[in-house]
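Below is final_4.cif, which holds mmCIF, C-alpha atoms and all ligand atoms.
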data_protein
#
loop_
_atom_site.label_atom_id
_atom_site.label_comp_id
_atom_site.auth_asym_id
_atom_site.auth_seq_id
_atom_site.Cartn_x
_atom_site.Cartn_y
_atom_site.Cartn_z
CA MET D 20 -12.94 11.31 10.03
CA GLY D 21 -16.59 11.34 9.20
CA GLN D 22 -18.87 10.49 6.39
CA ILE D 23 -19.30 13.05 3.63
CA TRP D 24 -21.83 12.80 0.83
CA ASN D 25 -21.37 9.56 -1.05
CA PRO D 26 -24.36 8.69 -3.17
CA SER D 27 -22.62 5.84 -4.97
CA LYS D 28 -22.81 3.00 -2.44
CA ALA D 29 -24.20 0.42 -4.80
CA GLY D 30 -23.33 2.26 -7.99
CA THR D 31 -21.99 0.88 -11.19
CA PRO D 32 -18.62 2.23 -12.41
CA SER D 33 -18.51 5.41 -14.45
CA VAL D 34 -18.88 4.53 -18.12
CA GLU D 35 -15.55 5.96 -19.27
CA LEU D 36 -13.71 4.04 -16.53
CA ALA D 37 -15.53 0.83 -17.38
CA ASP D 38 -14.45 1.36 -21.00
CA LEU D 39 -10.86 2.02 -19.93
CA GLY D 40 -10.85 -1.14 -17.80
CA ARG D 41 -12.09 -3.18 -20.74
CA THR D 42 -9.37 -1.93 -23.08
CA GLN D 43 -6.28 -1.54 -20.88
CA ARG D 44 -4.60 -3.26 -17.93
CA PHE D 45 -2.80 -1.23 -15.25
CA PRO D 46 -0.30 -2.99 -12.96
CA SER D 47 -0.77 -0.41 -10.19
CA VAL D 48 -3.87 1.67 -9.45
CA LEU D 49 -4.68 4.21 -6.73
CA ASP D 50 -8.25 5.39 -6.08
CA ALA D 51 -8.17 8.68 -4.14
CA GLY D 52 -11.55 9.08 -2.41
CA CYS D 53 -12.67 5.60 -3.41
CA GLY D 54 -16.13 5.65 -1.83
CA TRP D 55 -17.45 2.10 -2.02
CA GLY D 56 -14.87 1.02 -4.60
CA ARG D 57 -17.14 0.92 -7.62
CA ASN D 58 -14.49 2.41 -9.95
CA LEU D 59 -11.40 0.64 -8.62
CA SER D 60 -13.04 -2.77 -8.94
CA VAL D 61 -13.00 -2.33 -12.74
CA PHE D 62 -9.19 -2.45 -12.70
CA ALA D 63 -8.74 -5.33 -10.28
CA ALA D 64 -8.21 -8.03 -12.91
CA GLY D 65 -4.50 -8.30 -13.61
CA ALA D 66 -3.42 -5.53 -11.22
CA GLN D 67 -0.51 -6.24 -8.91
CA ARG D 68 -1.07 -3.21 -6.65
CA LEU D 69 -4.51 -1.88 -5.77
CA HIS D 70 -4.44 1.04 -3.35
CA ALA D 71 -7.33 3.21 -2.20
CA PHE D 72 -8.20 5.67 0.51
CA ASP D 73 -11.19 7.67 1.68
CA THR D 74 -12.07 9.80 4.69
CA ASP D 75 -15.16 7.67 5.29
CA PRO D 76 -14.37 4.51 7.30
CA GLU D 77 -17.54 2.84 6.05
CA GLY D 78 -16.37 3.33 2.45
CA VAL D 79 -12.92 2.02 3.37
CA GLN D 80 -14.44 -1.18 4.77
CA ALA D 81 -16.75 -1.59 1.79
CA THR D 82 -13.87 -1.11 -0.68
CA LYS D 83 -11.73 -3.67 1.20
CA LYS D 84 -14.56 -6.19 0.97
CA CYS D 85 -15.19 -5.41 -2.69
CA LEU D 86 -11.51 -5.88 -3.59
CA GLU D 87 -11.27 -9.12 -1.64
CA GLU D 88 -13.86 -10.49 -4.00
CA VAL D 89 -12.43 -9.26 -7.30
CA SER D 90 -8.64 -8.90 -6.92
CA ASP D 91 -5.96 -11.42 -7.80
CA PRO D 92 -5.03 -13.33 -4.58
CA ALA D 93 -1.37 -12.42 -5.21
CA ALA D 94 -2.11 -8.69 -5.59
CA GLU D 95 -1.04 -6.21 -2.96
CA VAL D 96 -4.27 -4.59 -1.78
CA GLN D 97 -4.25 -1.63 0.63
CA VAL D 98 -7.29 0.45 1.57
CA TRP D 99 -6.97 3.06 4.29
CA ASP D 100 -8.68 5.95 6.02
CA GLY D 101 -6.90 8.92 4.43
CA ASP D 102 -7.42 12.51 3.35
CA LEU D 103 -6.51 13.64 -0.15
CA LEU D 104 -4.72 16.67 1.30
CA THR D 105 -2.49 14.83 3.75
CA THR D 106 -2.28 11.10 3.14
CA GLU D 107 0.95 9.55 1.89
CA PRO D 108 0.38 6.75 -0.64
CA SER D 109 3.21 4.81 -2.33
CA PRO D 110 3.65 6.29 -5.80
CA PRO D 111 4.22 5.97 -8.65
CA TYR D 112 0.98 4.44 -9.98
CA ASP D 113 0.10 3.53 -13.56
CA LEU D 114 -3.42 4.87 -13.00
CA VAL D 115 -4.74 7.29 -10.39
CA ILE D 116 -8.50 7.80 -10.08
CA CYS D 117 -10.08 10.72 -8.23
CA TYR D 118 -13.79 10.81 -8.92
CA GLY D 119 -16.22 13.15 -7.19
CA VAL D 120 -13.86 14.37 -4.48
CA THR D 121 -12.11 17.65 -5.33
CA HIS D 122 -15.34 19.68 -5.51
CA PHE D 123 -15.66 19.26 -1.73
CA LEU D 124 -12.47 21.29 -1.27
CA GLN D 125 -11.87 25.02 -1.15
CA ARG D 126 -10.09 26.46 -4.20
CA HIS D 127 -6.67 26.73 -2.52
CA GLU D 128 -7.03 23.15 -1.25
CA ARG D 129 -7.92 21.92 -4.74
CA HIS D 130 -4.66 23.27 -6.10
CA ILE D 131 -2.79 21.34 -3.41
CA ALA D 132 -4.83 18.25 -4.35
CA TYR D 133 -4.10 18.65 -8.08
CA ALA D 134 -0.36 18.91 -7.35
CA ARG D 135 -0.50 15.80 -5.16
CA LEU D 136 -2.45 13.81 -7.76
CA ARG D 137 0.02 14.87 -10.48
CA SER D 138 2.94 13.65 -8.40
CA TRP D 139 1.41 10.20 -7.83
CA VAL D 140 1.15 9.24 -11.52
CA ARG D 141 4.20 7.66 -13.12
CA PRO D 142 5.48 9.30 -16.34
CA GLY D 143 3.32 7.87 -19.12
CA GLY D 144 0.60 6.87 -16.65
CA LEU D 145 -2.98 8.12 -16.47
CA LEU D 146 -5.01 10.28 -14.12
CA ALA D 147 -8.81 9.99 -14.28
CA ILE D 148 -10.57 12.83 -12.47
CA ALA D 149 -14.19 13.94 -12.30
CA SER D 150 -15.44 17.08 -10.61
CA PHE D 151 -18.58 19.15 -10.46
CA ASN D 152 -18.38 22.78 -11.45
CA ASN D 153 -20.71 25.69 -10.86
CA LEU D 154 -21.93 26.21 -14.44
CA VAL D 155 -25.05 24.62 -13.02
CA PRO D 156 -25.08 25.90 -9.44
CA ILE D 157 -24.49 23.25 -6.78
CA PRO D 158 -27.94 22.17 -5.48
CA ALA D 159 -28.93 24.05 -2.33
CA ASP D 160 -28.87 20.95 -0.11
CA LEU D 161 -25.25 20.22 -1.15
CA GLN D 162 -23.91 23.77 -0.94
CA PRO D 163 -22.79 23.44 2.72
CA LEU D 164 -20.61 20.48 1.62
CA MET D 165 -19.41 22.15 -1.59
CA PRO D 166 -19.18 25.87 -0.74
CA ASP D 167 -16.43 26.80 -3.23
CA PRO D 168 -16.72 24.68 -6.41
CA PRO D 169 -14.78 25.46 -9.61
CA SER D 170 -16.73 28.07 -11.57
CA ASP D 171 -16.43 26.12 -14.84
CA SER D 172 -14.15 23.65 -16.61
CA THR D 173 -11.24 26.08 -16.88
CA GLU D 174 -9.63 25.40 -13.51
CA LEU D 175 -9.33 21.64 -13.94
CA ARG D 176 -8.15 21.82 -17.53
CA ALA D 177 -5.60 24.50 -16.68
CA ALA D 178 -4.21 22.45 -13.78
CA PHE D 179 -3.27 19.70 -16.26
CA ALA D 180 -2.71 21.81 -19.37
CA ASP D 181 0.68 20.18 -19.96
CA TRP D 182 -0.76 16.64 -19.93
CA ASP D 183 -2.23 14.88 -22.98
CA VAL D 184 -5.99 14.44 -22.80
CA ALA D 185 -7.07 10.86 -23.51
CA PHE D 186 -10.75 11.47 -22.73
CA VAL D 187 -12.78 14.53 -21.88
CA ARG D 188 -16.47 15.04 -21.32
CA SER D 189 -18.01 18.13 -19.80
CA HIS D 190 -21.76 17.86 -19.50
CA VAL D 191 -24.88 18.38 -17.44
CA TYR D 192 -26.53 15.39 -15.89
CA HIS D 193 -29.53 14.63 -13.75
CA ASP D 194 -29.06 12.36 -10.77
CA GLU D 195 -31.58 10.67 -8.50
CA HIS D 196 -30.63 9.30 -5.07
CA GLU D 197 -32.24 7.30 -2.29
CA GLY D 198 -35.37 8.95 -0.97
CA GLY D 199 -36.19 10.51 -4.34
CA ILE D 200 -33.58 13.30 -3.97
CA ARG D 201 -32.91 14.80 -7.39
CA HIS D 202 -29.88 16.85 -8.38
CA THR D 203 -28.68 18.45 -11.58
CA HIS D 204 -24.92 18.89 -11.94
CA SER D 205 -22.40 20.28 -14.38
CA ILE D 206 -19.46 17.86 -14.38
CA ASP D 207 -16.03 17.54 -15.98
CA ARG D 208 -14.63 14.06 -16.62
CA LEU D 209 -11.04 13.92 -17.76
CA ILE D 210 -8.57 11.12 -18.36
CA MET D 211 -5.08 12.50 -18.92
CA ARG D 212 -1.62 11.10 -19.54
CA ARG D 213 1.40 12.37 -17.65
CA PRO D 214 4.19 13.37 -20.06
C1 LIG X 301 -19.32 11.41 -4.35
S1 LIG X 301 -18.35 10.26 -3.45
C2 LIG X 301 -17.44 9.47 -4.74
C3 LIG X 301 -16.85 8.16 -4.34
C4 LIG X 301 -16.11 7.42 -5.44
N1 LIG X 301 -14.95 8.14 -5.92
C5 LIG X 301 -17.04 7.12 -6.58
O1 LIG X 301 -16.91 7.74 -7.65
O2 LIG X 301 -17.91 6.27 -6.39
C6 LIG X 301 -17.14 11.30 -2.67
C7 LIG X 301 -16.18 10.55 -1.80
O3 LIG X 301 -15.10 11.43 -1.47
C8 LIG X 301 -14.73 11.18 -0.13
N2 LIG X 301 -13.99 12.37 0.32
C9 LIG X 301 -14.45 13.63 0.48
N3 LIG X 301 -13.45 14.44 0.83
C10 LIG X 301 -12.32 13.69 0.87
C11 LIG X 301 -10.96 13.97 1.15
N4 LIG X 301 -10.55 15.20 1.48
N5 LIG X 301 -10.06 12.97 1.08
C12 LIG X 301 -10.46 11.71 0.75
N6 LIG X 301 -11.75 11.38 0.48
C13 LIG X 301 -12.66 12.36 0.53
C14 LIG X 301 -16.06 10.94 0.56
O4 LIG X 301 -15.92 10.29 1.79
C15 LIG X 301 -16.79 10.09 -0.47
O5 LIG X 301 -16.53 8.72 -0.30
#
Could I get this file's structure written as C-alpha cells?
Ligand SMILES: C[S@@+](CC[C@H](N)C(=O)[O-])C[C@H]1O[C@@H](n2cnc3c(N)ncnc32)[C@H](O)[C@@H]1O
Amino acid sequence: MGQIWNPSKAGTPSVELADLGRTQRFPSVLDAGCGWGRNLSVFAAGAQRLHAFDTDPEGVQATKKCLEEVSDPAAEVQVWDGDLLTTEPSPPYDLVICYGVTHFLQRHERHIAYARLRSWVRPGGLLAIASFNNLVPIPADLQPLMPDPPSDSTELRAAFADWDVAFVRSHVYHDEHEGGIRHTHSIDRLIMRRP
C-alpha cells in the first residue's frame, strides 16, 4: 500500500479531540487512518488498548514510535498497515477516531466505511469523524485523490442520524502545507455517541 496525502506529519491534535482527551479517559481507542498518530496520542494516558491502522507504512511506523513514547507500558498497543474498507480490528472500542480519511473514498465505499466504523464502537462509546465536503470544491491539486467527495454535510449526518451528537462543527478553513501549498476546505467534524 502506498502513501496518500497526509499533510499532518508533525501536526498538533485537532482541537476538539485535544479537548475530549483532557476531559475524558477511554480504556480502548482505535484510530482508523491514523497518519502520524497526532490524534491518538491525546488518548494514550490511561488507555489499556491503543489500536491504529493506516495504508501508509511510514505513518504506521511513526505512530508506533509516537505511542511507544506516550502510552502506559502495560497498555496493549497495536499499529498495522490496514485499509478502512477491509481491515479487521478487534472491536468493540470505547472511542473510534477517523479523521481526514473517508473523503478519499468513492461514495459507495464511504457507506461501507460508515457501516464498519459504526460496528466498531461499543454501545455508549464515541465515534469522532472528520471529512471534507464539496461545499468548497476540493482544490484542483487534490481532486485526483478525492474525486467523489460528499457534496455537503448531509451524507455524514444522515449516516449517523440515530446517534447522539456530542460535538459538531461544520466550517471552512484555510490550510497551509510544506512548500507554501495553500488549500481552502469545507469540513465536517462530528463526535457522536452510539446508542
Ligand atoms: C489527511 S491524513 C489524516 C491522518 C490522521 N487521521 C490525522 O488526522 O492526522 C489521511 C490519512 O488517511 C490514510 N488513508 C487514506 N485512505 C485510507 C484507507 N482506505 N484506509 C486507511 N487509511 C487511509 C492516509 O494514508 C493518511 O495517513
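When all atoms listed in the file are used to compute distances to ligand LIG 301 (chain X), the closest of the residues D:Val96, D:Ala132, D:Ala64, D:Val191 turns out to be D:Ala132.
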Environment of ligand LIG 301 (chain X) within 9 Å, counting all atoms listed in the file, reported as JSON, numbers by chain: {"D": [20, 21, 22, 23, 24, 25, 26, 27, 28, 29, 30, 31, 32, 33, 50, 51, 52, 53, 54, 55, 56, 57, 58, 59, 72, 73, 74, 75, 76, 77, 78, 79, 100, 101, 102, 103, 104, 105, 106, 116, 117, 118, 119, 120, 121, 122, 123, 124, 132, 149]}
One-decimal distance in Å that lies between atom CA of Val115 of chain D and atom CA of His70 of chain D: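 The value is 9.4 Å.
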Set the distance at 9 Å and use all atoms listed in the file: which residues neighbour Leu145 of chain D once local chain neighbours fewer than 3 positions away are removed? I'd like the list as a PyMOL selection string. chain D and resi 112-116+140-142+185+210-213
Between atom CA of Leu49 of chain D and atom CA of Ala71 of chain D, what distance in Å does the model show, to one decimal?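 Answer for the atom CA of Leu49 of chain D to atom CA of Ala71 of chain D separation: 5.3 Å.
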Can you sort out the box for segment 100-117 of chain D, edges along x, y and z, all listed atoms in, 8 Å on every side, with centre and edge lengths in Å to one decimal, as JSON?
{"center_x": -2.9, "center_y": 10.1, "center_z": -3.8, "size_x": 30.3, "size_y": 29.1, "size_z": 35.6}
Report the distance between atom CA of Trp182 of chain D and atom CA of Gly65 of chain D in Å, rounded to one decimal place.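 These atoms are spaced 26.0 Å apart.
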Could you pull the residues within 8 Å of Ser170 of chain D, counting all atoms listed in the file, minus those fewer than 4 positions along the same chain, as a PyMOL selection string? chain D and resi 152-154+174
So that I can check the surroundings of Asp91 of chain D, please list as a PDB file with C-alpha atoms, in the coordinates of the input every protein, DNA and RNA residue that reaches within 10 Å of it, counting all atoms listed in the file and ignoring chain neighbours fewer than 3 positions away.
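The resulting file, selection-v2.pdb, is shown below:
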ATOM      1  CA  ALA D  63      -8.740  -5.330 -10.280  1.00  0.00           C
ATOM      2  CA  ALA D  64      -8.210  -8.030 -12.910  1.00  0.00           C
ATOM      3  CA  GLY D  65      -4.500  -8.300 -13.610  1.00  0.00           C
ATOM      4  CA  ALA D  66      -3.420  -5.530 -11.220  1.00  0.00           C
ATOM      5  CA  GLN D  67      -0.510  -6.240  -8.910  1.00  0.00           C
ATOM      6  CA  ARG D  68      -1.070  -3.210  -6.650  1.00  0.00           C
ATOM      7  CA  LEU D  69      -4.510  -1.880  -5.770  1.00  0.00           C
ATOM      8  CA  LEU D  86     -11.510  -5.880  -3.590  1.00  0.00           C
ATOM      9  CA  GLU D  87     -11.270  -9.120  -1.640  1.00  0.00           C
ATOM     10  CA  GLU D  88     -13.860 -10.490  -4.000  1.00  0.00           C
ATOM     11  CA  ALA D  94      -2.110  -8.690  -5.590  1.00  0.00           C
ATOM     12  CA  GLU D  95      -1.040  -6.210  -2.960  1.00  0.00           C
ATOM     13  CA  VAL D  96      -4.270  -4.590  -1.780  1.00  0.00           C
TER      14      VAL D  96
END
Taking all atoms listed in the file into account, which of D:Gly198, D:Pro214, D:Pro163, D:Gly144 comes nearest Arg44 of chain D?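 That would be D:Gly144, the residue with the smallest distance to Arg44 of chain D.
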Distance query Glu35 of chain D at most 10 Å, only C-alpha atoms, self and fewer than 6 positions along chain excluded, as a list in words: Arg41, Ala147, Phe186, Val187, Arg188, Arg208, Leu209 and Ile210 of chain D
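All residues of protein, DNA or RNA that reach within 12 Å of Ile200 of chain D, judged by all atoms listed in the file and not counting those fewer than 2 positions away in the chain, are Pro26, Pro158, Ala159, Asp160, Leu161, His193, Asp194, Glu195, His196, Glu197, Gly198, His202 and Thr203 of chain D.
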